[in-house]
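Containing mmCIF, C-alpha atoms: input_31.cif.
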```cif
data_work
loop_
_atom_site.group_PDB
_atom_site.id
_atom_site.type_symbol
_atom_site.label_atom_id
_atom_site.label_comp_id
_atom_site.auth_asym_id
_atom_site.auth_seq_id
_atom_site.Cartn_x
_atom_site.Cartn_y
_atom_site.Cartn_z
ATOM 1 C CA VAL U 1 20.542 -53.353 5.338
ATOM 2 C CA ASN U 2 22.078 -53.880 8.792
ATOM 3 C CA LEU U 3 24.441 -50.978 8.157
ATOM 4 C CA LEU U 4 21.492 -48.750 7.208
ATOM 5 C CA ILE U 5 19.545 -49.803 10.305
ATOM 6 C CA ASN U 6 22.564 -49.190 12.550
ATOM 7 C CA THR U 7 23.099 -45.765 10.959
ATOM 8 C CA ILE U 8 19.461 -44.813 11.539
ATOM 9 C CA CYS U 9 19.573 -45.956 15.181
ATOM 10 C CA GLU U 10 22.784 -43.997 15.787
ATOM 11 C CA LEU U 11 21.275 -40.900 14.161
ATOM 12 C CA LYS U 12 18.146 -41.260 16.295
ATOM 13 C CA ASN U 13 20.227 -41.377 19.460
ATOM 14 C CA LYS U 14 22.136 -38.220 18.525
ATOM 15 C CA LEU U 15 19.108 -36.166 17.433
ATOM 16 C CA ASN U 16 16.069 -35.222 19.472
ATOM 17 C CA TRP U 17 12.608 -36.593 18.646
ATOM 18 C CA LEU U 18 11.359 -33.656 16.540
ATOM 19 C CA THR U 19 14.540 -33.316 14.517
ATOM 20 C CA PHE U 20 14.631 -37.061 13.837
ATOM 21 C CA LYS U 21 11.023 -37.038 12.635
ATOM 22 C CA LEU U 22 11.605 -34.068 10.307
ATOM 23 C CA VAL U 23 14.822 -35.578 8.910
ATOM 24 C CA SER U 24 12.973 -38.874 8.406
ATOM 25 C CA ILE U 25 10.230 -37.092 6.473
ATOM 26 C CA CYS U 26 12.847 -35.503 4.199
ATOM 27 C CA PHE U 27 14.633 -38.845 3.728
ATOM 28 C CA TYR U 28 11.472 -40.796 2.892
ATOM 29 C CA SER U 29 10.256 -37.977 0.632
ATOM 30 C CA VAL U 30 13.490 -38.131 -1.377
ATOM 31 C CA ILE U 31 13.076 -41.904 -1.674
ATOM 32 C CA GLY U 32 9.475 -41.351 -2.771
ATOM 33 C CA ILE U 33 10.563 -38.910 -5.473
ATOM 34 C CA VAL U 34 13.197 -41.312 -6.772
ATOM 35 C CA PHE U 35 10.748 -44.246 -6.870
ATOM 36 C CA SER U 36 8.084 -42.063 -8.538
ATOM 37 C CA ILE U 37 10.498 -41.099 -11.306
ATOM 38 C CA LEU U 38 11.588 -44.728 -11.733
ATOM 39 C CA ILE U 39 7.957 -45.887 -11.948
ATOM 40 C CA ALA U 40 7.231 -43.223 -14.588
ATOM 41 C CA LYS U 41 10.288 -44.340 -16.587
ATOM 42 C CA LEU U 42 9.219 -47.977 -16.274
ATOM 43 C CA ILE U 43 5.727 -47.196 -17.528
ATOM 44 C CA ASP U 44 7.154 -45.283 -20.475
ATOM 45 C CA PHE U 45 9.565 -48.129 -21.295
ATOM 46 C CA ARG U 46 6.802 -50.748 -21.247
ATOM 47 C CA LYS U 47 4.581 -48.503 -23.366
ATOM 48 C CA TYR U 48 7.067 -47.098 -25.894
ATOM 49 C CA ARG U 49 9.970 -49.563 -25.508
ATOM 50 C CA THR U 50 12.301 -46.622 -24.985
ATOM 51 C CA LEU U 51 13.342 -44.344 -22.160
ATOM 52 C CA ASN U 52 13.455 -41.256 -24.388
ATOM 53 C CA THR U 53 9.784 -40.300 -24.720
ATOM 54 C CA ASN U 54 8.268 -37.130 -26.046
ATOM 55 C CA GLY U 55 6.630 -34.806 -23.532
ATOM 56 C CA THR U 56 7.335 -33.930 -19.936
ATOM 57 C CA LEU U 57 6.612 -35.938 -16.805
ATOM 58 C CA SER U 58 3.756 -33.635 -15.846
ATOM 59 C CA LYS U 59 2.130 -34.175 -19.227
ATOM 60 C CA ASN U 60 2.611 -37.929 -19.541
ATOM 61 C CA HIS U 61 2.028 -38.823 -15.874
ATOM 62 C CA PRO U 62 -0.008 -36.087 -14.102
ATOM 63 C CA LYS U 63 -0.802 -38.294 -11.065
ATOM 64 C CA ILE U 64 2.834 -39.238 -10.509
ATOM 65 C CA ASN U 65 3.798 -35.595 -11.011
ATOM 66 C CA ALA U 66 1.269 -34.566 -8.338
ATOM 67 C CA MET U 67 2.721 -37.161 -5.965
ATOM 68 C CA ILE U 68 6.233 -35.786 -6.566
ATOM 69 C CA GLY U 69 4.875 -32.317 -5.810
ATOM 70 C CA LEU U 70 3.519 -33.538 -2.476
ATOM 71 C CA PHE U 71 6.896 -35.081 -1.616
ATOM 72 C CA LEU U 72 8.636 -31.791 -2.463
ATOM 73 C CA LEU U 73 6.127 -29.880 -0.320
ATOM 74 C CA ALA U 74 6.830 -32.230 2.580
ATOM 75 C CA ILE U 75 10.583 -31.633 2.192
ATOM 76 C CA ILE U 76 10.164 -27.839 2.086
ATOM 77 C CA CYS U 77 7.858 -27.830 5.140
ATOM 78 C CA SER U 78 10.222 -30.097 7.089
ATOM 79 C CA ILE U 79 13.249 -27.928 6.307
ATOM 80 C CA GLY U 80 11.267 -24.820 7.251
ATOM 81 C CA CYS U 81 10.238 -26.379 10.585
ATOM 82 C CA LEU U 82 13.851 -27.361 11.280
ATOM 83 C CA ILE U 83 15.063 -23.827 10.605
ATOM 84 C CA ILE U 84 12.397 -22.317 12.862
ATOM 85 C CA TYR U 85 13.056 -24.870 15.603
ATOM 86 C CA TYR U 86 16.818 -24.304 15.695
ATOM 87 C CA LEU U 87 16.365 -20.554 15.365
ATOM 88 C CA PHE U 88 14.174 -20.476 18.468
ATOM 89 C CA ALA U 89 16.500 -22.913 20.237
ATOM 90 C CA TYR U 90 19.450 -20.629 19.462
ATOM 91 C CA LEU U 91 17.536 -17.551 20.621
ATOM 92 C CA GLY U 92 16.588 -19.370 23.810
ATOM 93 C CA THR U 93 20.242 -20.191 24.476
ATOM 94 C CA VAL U 94 21.275 -16.569 23.812
ATOM 95 C CA ILE U 95 18.555 -15.236 26.122
ATOM 96 C CA ALA U 96 19.489 -17.717 28.867
ATOM 97 C CA ARG U 97 23.154 -16.696 28.641
ATOM 98 C CA PHE U 98 22.201 -13.022 28.692
ATOM 99 C CA VAL U 99 20.039 -13.549 31.802
ATOM 100 C CA ASP U 100 22.894 -15.421 33.473
ATOM 101 C CA TRP U 101 25.289 -12.603 32.592
ATOM 102 C CA ILE U 102 22.869 -10.002 33.979
ATOM 103 C CA SER U 103 22.396 -12.033 37.156
ATOM 104 C CA HIS U 104 26.155 -12.423 37.570
ATOM 105 C CA ALA U 105 26.731 -8.706 36.918
ATOM 106 C CA VAL U 106 23.936 -7.643 39.287
ATOM 107 C CA SER U 107 25.282 -9.845 42.063
ATOM 108 C CA LYS U 108 28.495 -7.807 41.982
ATOM 109 C CA LEU U 109 26.807 -4.396 42.011
ATOM 110 C CA ASP U 110 25.914 -2.365 45.021
ATOM 111 C CA ALA U 111 22.228 -2.068 45.980
ATOM 112 C CA VAL U 112 22.262 1.685 45.355
ATOM 113 C CA ILE U 113 23.536 1.206 41.813
ATOM 114 C CA ILE U 114 20.897 -1.466 41.134
ATOM 115 C CA VAL U 115 18.099 0.849 42.330
ATOM 116 C CA ALA U 116 19.510 3.657 40.179
ATOM 117 C CA LEU U 117 19.601 1.398 37.106
ATOM 118 C CA ILE U 118 16.046 0.211 37.679
ATOM 119 C CA THR U 119 14.811 3.771 38.238
ATOM 120 C CA GLY U 120 16.617 5.030 35.136
ATOM 121 C CA THR U 121 15.233 2.202 33.013
ATOM 122 C CA ILE U 122 11.677 2.849 34.201
ATOM 123 C CA SER U 123 12.082 6.578 33.556
ATOM 124 C CA LEU U 124 13.409 5.940 30.051
ATOM 125 C CA ILE U 125 10.552 3.579 29.226
ATOM 126 C CA SER U 126 8.039 6.109 30.604
ATOM 127 C CA VAL U 127 9.505 8.883 28.431
ATOM 128 C CA ILE U 128 9.392 6.695 25.329
ATOM 129 C CA ILE U 129 5.781 5.634 25.977
ATOM 130 C CA SER U 130 4.748 9.232 26.734
ATOM 131 C CA SER U 131 6.354 10.422 23.495
ATOM 132 C CA ILE U 132 4.573 7.755 21.463
ATOM 133 C CA VAL U 133 1.213 8.522 23.080
ATOM 134 C CA ALA U 134 1.724 12.280 22.606
ATOM 135 C CA LYS U 135 2.592 11.786 18.915
ATOM 136 C CA PHE U 136 -0.493 9.624 18.432
ATOM 137 C CA ILE U 137 -2.751 12.167 20.152
ATOM 138 C CA ASP U 138 -1.271 15.001 18.072
ATOM 139 C CA TYR U 139 -1.804 12.987 14.904
ATOM 140 C CA LYS U 140 -5.457 12.319 15.798
ATOM 141 C CA LYS U 141 -6.008 15.972 16.700
ATOM 142 C CA ASN U 142 -4.369 17.322 13.528
ATOM 143 C CA ARG U 143 -6.259 14.837 11.389
ATOM 144 C CA LYS U 144 -9.568 15.828 12.992
ATOM 145 C CA GLU U 145 -8.834 19.539 12.512
ATOM 146 C CA TYR U 146 -7.829 18.983 8.888
ATOM 147 C CA LEU U 147 -10.982 17.018 8.106
ATOM 148 C CA SER U 148 -13.142 19.568 9.923
ATOM 149 C CA GLN U 149 -11.731 22.340 7.713
ATOM 150 C CA LYS U 150 -12.423 20.307 4.584
ATOM 151 C CA ARG U 151 -15.947 19.360 5.697
ATOM 152 C CA GLU U 152 -17.005 22.804 6.915
ATOM 153 C CA GLU U 153 -17.772 24.187 3.453
ATOM 154 C CA PRO U 154 -19.859 21.284 2.019
ATOM 155 C CA TYR U 155 -21.710 20.790 5.314
ATOM 156 C CA GLY U 156 -22.517 24.517 5.403
ATOM 157 C CA GLN U 157 -23.733 24.350 1.798
ATOM 158 C CA PHE U 158 -26.028 21.470 2.711
ATOM 159 C CA VAL U 159 -27.651 23.416 5.560
ATOM 160 C CA ASP U 160 -28.027 26.460 3.285
ATOM 161 C CA MET U 161 -29.708 24.258 0.699
ATOM 162 C CA VAL U 162 -32.148 22.863 3.272
ATOM 163 C CA TYR U 163 -33.170 26.381 4.356
ATOM 164 C CA LYS U 164 -33.491 27.522 0.735
ATOM 165 C CA ILE U 165 -35.865 24.648 -0.014
ATOM 166 C CA GLN U 166 -37.891 25.369 3.150
ATOM 167 C CA GLN U 167 -38.207 29.095 2.358
ATOM 168 C CA ASN U 168 -38.803 28.603 -1.352
ATOM 169 C CA SER U 169 -42.582 28.937 -1.064
ATOM 170 C CA LYS U 170 -42.214 32.242 0.802
ATOM 171 C CA ASN U 171 -39.831 33.683 -1.810
ATOM 172 C CA ASN U 172 -42.041 32.990 -4.847
ATOM 173 C CA ASN U 173 -40.095 29.865 -5.873
ATOM 174 C CA SER U 174 -36.887 31.849 -6.332
ATOM 175 C CA TYR U 175 -34.897 28.666 -5.650
ATOM 176 C CA THR U 176 -35.521 26.802 -8.897
ATOM 177 C CA GLU U 177 -35.165 23.092 -9.524
ATOM 178 C CA GLU U 178 -32.170 23.742 -11.753
ATOM 179 C CA MET U 179 -30.425 25.618 -8.934
ATOM 180 C CA MET U 180 -31.232 22.849 -6.468
ATOM 181 C CA ILE U 181 -29.847 20.138 -8.783
ATOM 182 C CA LYS U 182 -26.677 22.177 -9.254
ATOM 183 C CA ASP U 183 -26.239 22.571 -5.468
ATOM 184 C CA LEU U 184 -26.943 18.867 -4.892
ATOM 185 C CA SER U 185 -24.354 17.875 -7.479
ATOM 186 C CA LYS U 186 -21.777 20.199 -5.930
ATOM 187 C CA PHE U 187 -22.494 18.867 -2.439
ATOM 188 C CA SER U 188 -22.337 15.209 -3.567
ATOM 189 C CA LYS U 189 -18.954 15.751 -5.226
ATOM 190 C CA LYS U 190 -17.434 17.206 -2.072
ATOM 191 C CA ILE U 191 -18.740 14.627 0.388
ATOM 192 C CA THR U 192 -17.475 11.918 -1.961
ATOM 193 C CA LEU U 193 -13.998 12.912 -0.770
ATOM 194 C CA TRP U 194 -14.550 14.502 2.636
ATOM 195 C CA GLY U 195 -17.837 13.175 4.012
ATOM 196 C CA SER U 196 -17.616 10.823 6.984
ATOM 197 C CA THR U 197 -18.883 7.262 6.659
ATOM 198 C CA LYS U 198 -22.080 7.955 8.609
ATOM 199 C CA VAL U 199 -22.885 11.136 6.672
ATOM 200 C CA VAL U 200 -22.442 9.336 3.342
ATOM 201 C CA LYS U 201 -24.574 6.422 4.550
ATOM 202 C CA LYS U 202 -27.389 8.706 5.730
ATOM 203 C CA TRP U 203 -27.210 10.776 2.537
ATOM 204 C CA VAL U 204 -27.574 7.652 0.382
ATOM 205 C CA GLU U 205 -30.511 6.524 2.543
ATOM 206 C CA PHE U 206 -32.133 9.953 2.155
ATOM 207 C CA ARG U 207 -31.763 9.883 -1.633
ATOM 208 C CA GLU U 208 -33.132 6.331 -1.876
ATOM 209 C CA LYS U 209 -36.218 7.155 0.197
ATOM 210 C CA GLY U 210 -36.648 10.575 -1.440
ATOM 211 C CA ALA U 211 -38.380 8.919 -4.401
ATOM 212 C CA ASN U 212 -41.090 7.578 -2.064
ATOM 213 C CA SER U 213 -43.690 10.290 -1.502
ATOM 214 C CA ASP U 214 -45.228 8.368 1.418
ATOM 215 C CA ALA U 215 -42.014 8.629 3.448
ATOM 216 C CA GLY U 216 -42.088 12.422 3.792
ATOM 217 C CA VAL U 217 -41.969 12.596 7.603
ATOM 218 C CA GLU U 218 -39.416 9.791 7.800
ATOM 219 C CA ASN U 219 -37.201 11.616 5.305
ATOM 220 C CA LEU U 220 -37.314 14.729 7.469
ATOM 221 C CA PHE U 221 -35.922 12.800 10.396
ATOM 222 C CA ILE U 222 -33.222 11.263 8.160
ATOM 223 C CA LEU U 223 -32.391 14.826 7.094
ATOM 224 C CA GLU U 224 -32.015 15.781 10.749
ATOM 225 C CA GLU U 225 -29.801 12.735 11.365
ATOM 226 C CA ILE U 226 -27.555 13.907 8.518
ATOM 227 C CA MET U 227 -27.214 17.348 10.116
ATOM 228 C CA ASN U 228 -26.524 15.771 13.503
ATOM 229 C CA GLU U 229 -23.756 13.622 12.014
ATOM 230 C CA MET U 230 -22.334 16.744 10.403
ATOM 231 C CA ARG U 231 -22.330 18.512 13.769
ATOM 232 C CA LYS U 232 -20.485 15.540 15.265
ATOM 233 C CA ASP U 233 -17.864 15.637 12.485
ATOM 234 C CA LEU U 234 -17.255 19.321 13.242
ATOM 235 C CA GLY U 235 -16.676 18.615 16.935
ATOM 236 C CA LEU U 236 -20.178 19.413 18.253
ATOM 237 C CA ARG U 237 -22.596 17.229 20.158
ATOM 238 C CA LYS U 238 -25.727 15.792 18.655
ATOM 239 C CA VAL U 239 -28.966 17.462 19.682
ATOM 240 C CA LYS U 240 -32.221 15.844 20.691
ATOM 241 C CA LYS U 241 -34.445 14.468 17.957
ATOM 242 C CA GLY U 242 -36.683 17.155 16.467
ATOM 243 C CA ASN U 243 -34.758 20.158 17.784
ATOM 244 C CA LEU U 244 -32.991 20.928 14.508
ATOM 245 C CA LEU U 245 -36.158 20.458 12.487
ATOM 246 C CA ALA U 246 -37.968 22.814 14.859
ATOM 247 C CA PHE U 247 -35.892 25.691 13.424
ATOM 248 C CA PHE U 248 -37.915 25.639 10.209
ATOM 249 C CA ILE U 249 -40.896 23.339 10.897
ATOM 250 C CA ASN U 250 -43.315 24.710 13.472
ATOM 251 C CA ASP U 251 -45.442 21.618 14.016
ATOM 252 C CA ILE U 252 -42.603 19.087 14.185
ATOM 253 C CA LYS U 253 -43.583 18.011 17.711
ATOM 254 C CA GLU U 254 -47.043 17.039 16.489
ATOM 255 C CA ALA U 255 -45.511 15.165 13.557
ATOM 256 C CA MET U 256 -43.297 13.262 15.969
ATOM 257 C CA LYS U 257 -46.303 12.239 18.059
ATOM 258 C CA ASN U 258 -48.216 11.080 14.978
ATOM 259 C CA ASN U 259 -45.142 9.226 13.701
ATOM 260 C CA LYS U 260 -44.974 7.196 16.936
#
```

So that I can check it, write out the structure of this file as structure tokens.
Amino acid sequence: VNLLINTICELKNKLNWLTFKLVSICFYSVIGIVFSILIAKLIDFRKYRTLNTNGTLSKNHPKINAMIGLFLLAIICSIGCLIIYYLFAYLGTVIARFVDWISHAVSKLDAVIIVALITGTISLISVIISSIVAKFIDYKKNRKEYLSQKREEPYGQFVDMVYKIQQNSKNNNSYTEEMMIKDLSKFSKKITLWGSTKVVKKWVEFREKGANSDAGVENLFILEEIMNEMRKDLGLRKVKKGNLLAFFINDIKEAMKNNK
């Protein structure tokens, strides 16, 4: 016992506080595992009068098995903390030596050379950052152009469909319900892939409220919001509320006043 105590005290003096605590956790966890296994064997011996029992430890003694699992987890966590601690300690030593080497090297250089090195380093970093920013901007621009090309056709079909519905009464109902359903299905398929989040959201809202006959005026404004979001996706600004509807609804200003 005295030898064990003396060994522990000597180990504590050689190791720092954190390392000693983590090593102690591993040591006591190993002892805990050994005692847990011995207790399980003792219980089996008293119960079956033999050490060779059928079944595994986890099946015969689930609580002891869970305790062993906790001890193993403590060992793994302690070893992981030790590795991380010494890794950072080693990196800190390497960085400190590198800084000392740089300081020693700089002290021997002429001031002109130091200024040139600093200027060159700043220029290099600026070029790298500029290249990264330029690549990112090009990516955003190309992506926007690609999506605009894909969205142009379905968005144009949607506007055509709106005008066909509005002019249907003037053209003796030439735009039949079957034709409208076909166009709606075609439009829905394309915006499933290429429609922006806001356009899809507004389109779903429009379809949900379309079944309510009392929300006619409100649906018109949702329709205009859809077209405004489409304009935004194609690189255009949104227009003031009611201006797009005014193209095919003459009394939209009065409807807006009544809606307020």

Would you give the centre and edge lengths, in Å to one decimal, of a box along x, y and z around the listed atoms of segment 66-79 of chain U, with 3 Å added to each side, as lines of an AutoDock Vina configuration file?
```
center_x = 7.3
center_y = -32.5
center_z = -0.6
size_x = 18.0
size_y = 15.3
size_z = 21.4
```

Notebook entry, point to check: How many Å lie between atom CA of Leu22 of chain U and atom CA of His61 of chain U, rounded to one decimal?
Noted result: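 Interatomic distance, atom CA of Leu22 of chain U to atom CA of His61 of chain U: 28.3 Å.
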
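Going from atom CA of Gly69 of chain U over to atom CA of Lys41 of chain U, you cover 17.0 Å.
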
Notebook entry, point to check: atom CA of Thr19 of chain U to atom CA of Leu38 of chain U: how many Å, to one decimal?
Noted result: 28.8 Å

Note to self: When you count only C-alpha atoms, which of these residues is closest to Phe247 of chain U: U:Ile137, U:Val162, U:Ile226, U:Ile43?
What the structure shows: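 So, comparing all the options, the nearest one is U:Val162.
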
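With distances restricted to all atoms listed in the file, U:Pro154 is the closest residue to Phe187 of chain U from U:Lys209, U:Pro154, U:Val217, U:Met230.
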
Next item on the list: Give as a PyMOL selection string the set of residues within 12 Å of the point (-13.0, 23.1, 4.5), where distances use the file's coordinates and only C-alpha atoms.
Entry: chain U and resi 144-157+190-191+193-195+233-234

Checklist line | Selected residue of minimal separation from Cys77 of chain U among U:Ile252, U:Val199, U:Ile222, U:Cys26, counting only C-alpha atoms | finding: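 Under the stated criterion, the closest residue is U:Cys26.
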
Next item on the list: For segment 27-37 of chain U, work out the shell of residues within 8 Å, counting all atoms listed in the file and skipping chain neighbours fewer than 3 positions away, then give it as a ChimeraX atom specification.
Entry: /U:23-24,40-41,64,67-68,71-72,74-75

Check: Which protein, DNA or RNA residues have an atom at most 12 Å from (-29.9, 12.8, 12.6), counting only C-alpha atoms? List them as a PyMOL selection string.
Finding: chain U and resi 198-199+201-203+205-206+218-232+237-245

Next item on the list: Rank nothing, just name the residue among U:Trp101, U:Asn171, U:Ala116, U:Leu82 nearest to Ile25 of chain U, using all atoms listed in the file.
Entry: U:Leu82

Next item on the list: Taking the file above as input, evaluate the PyMOL selection byres ((chain U and resi 165) around 12) and report the hits as a ChimeraX atom specification.
Entry: /U:158-164,166-177,179-181,183-184,248
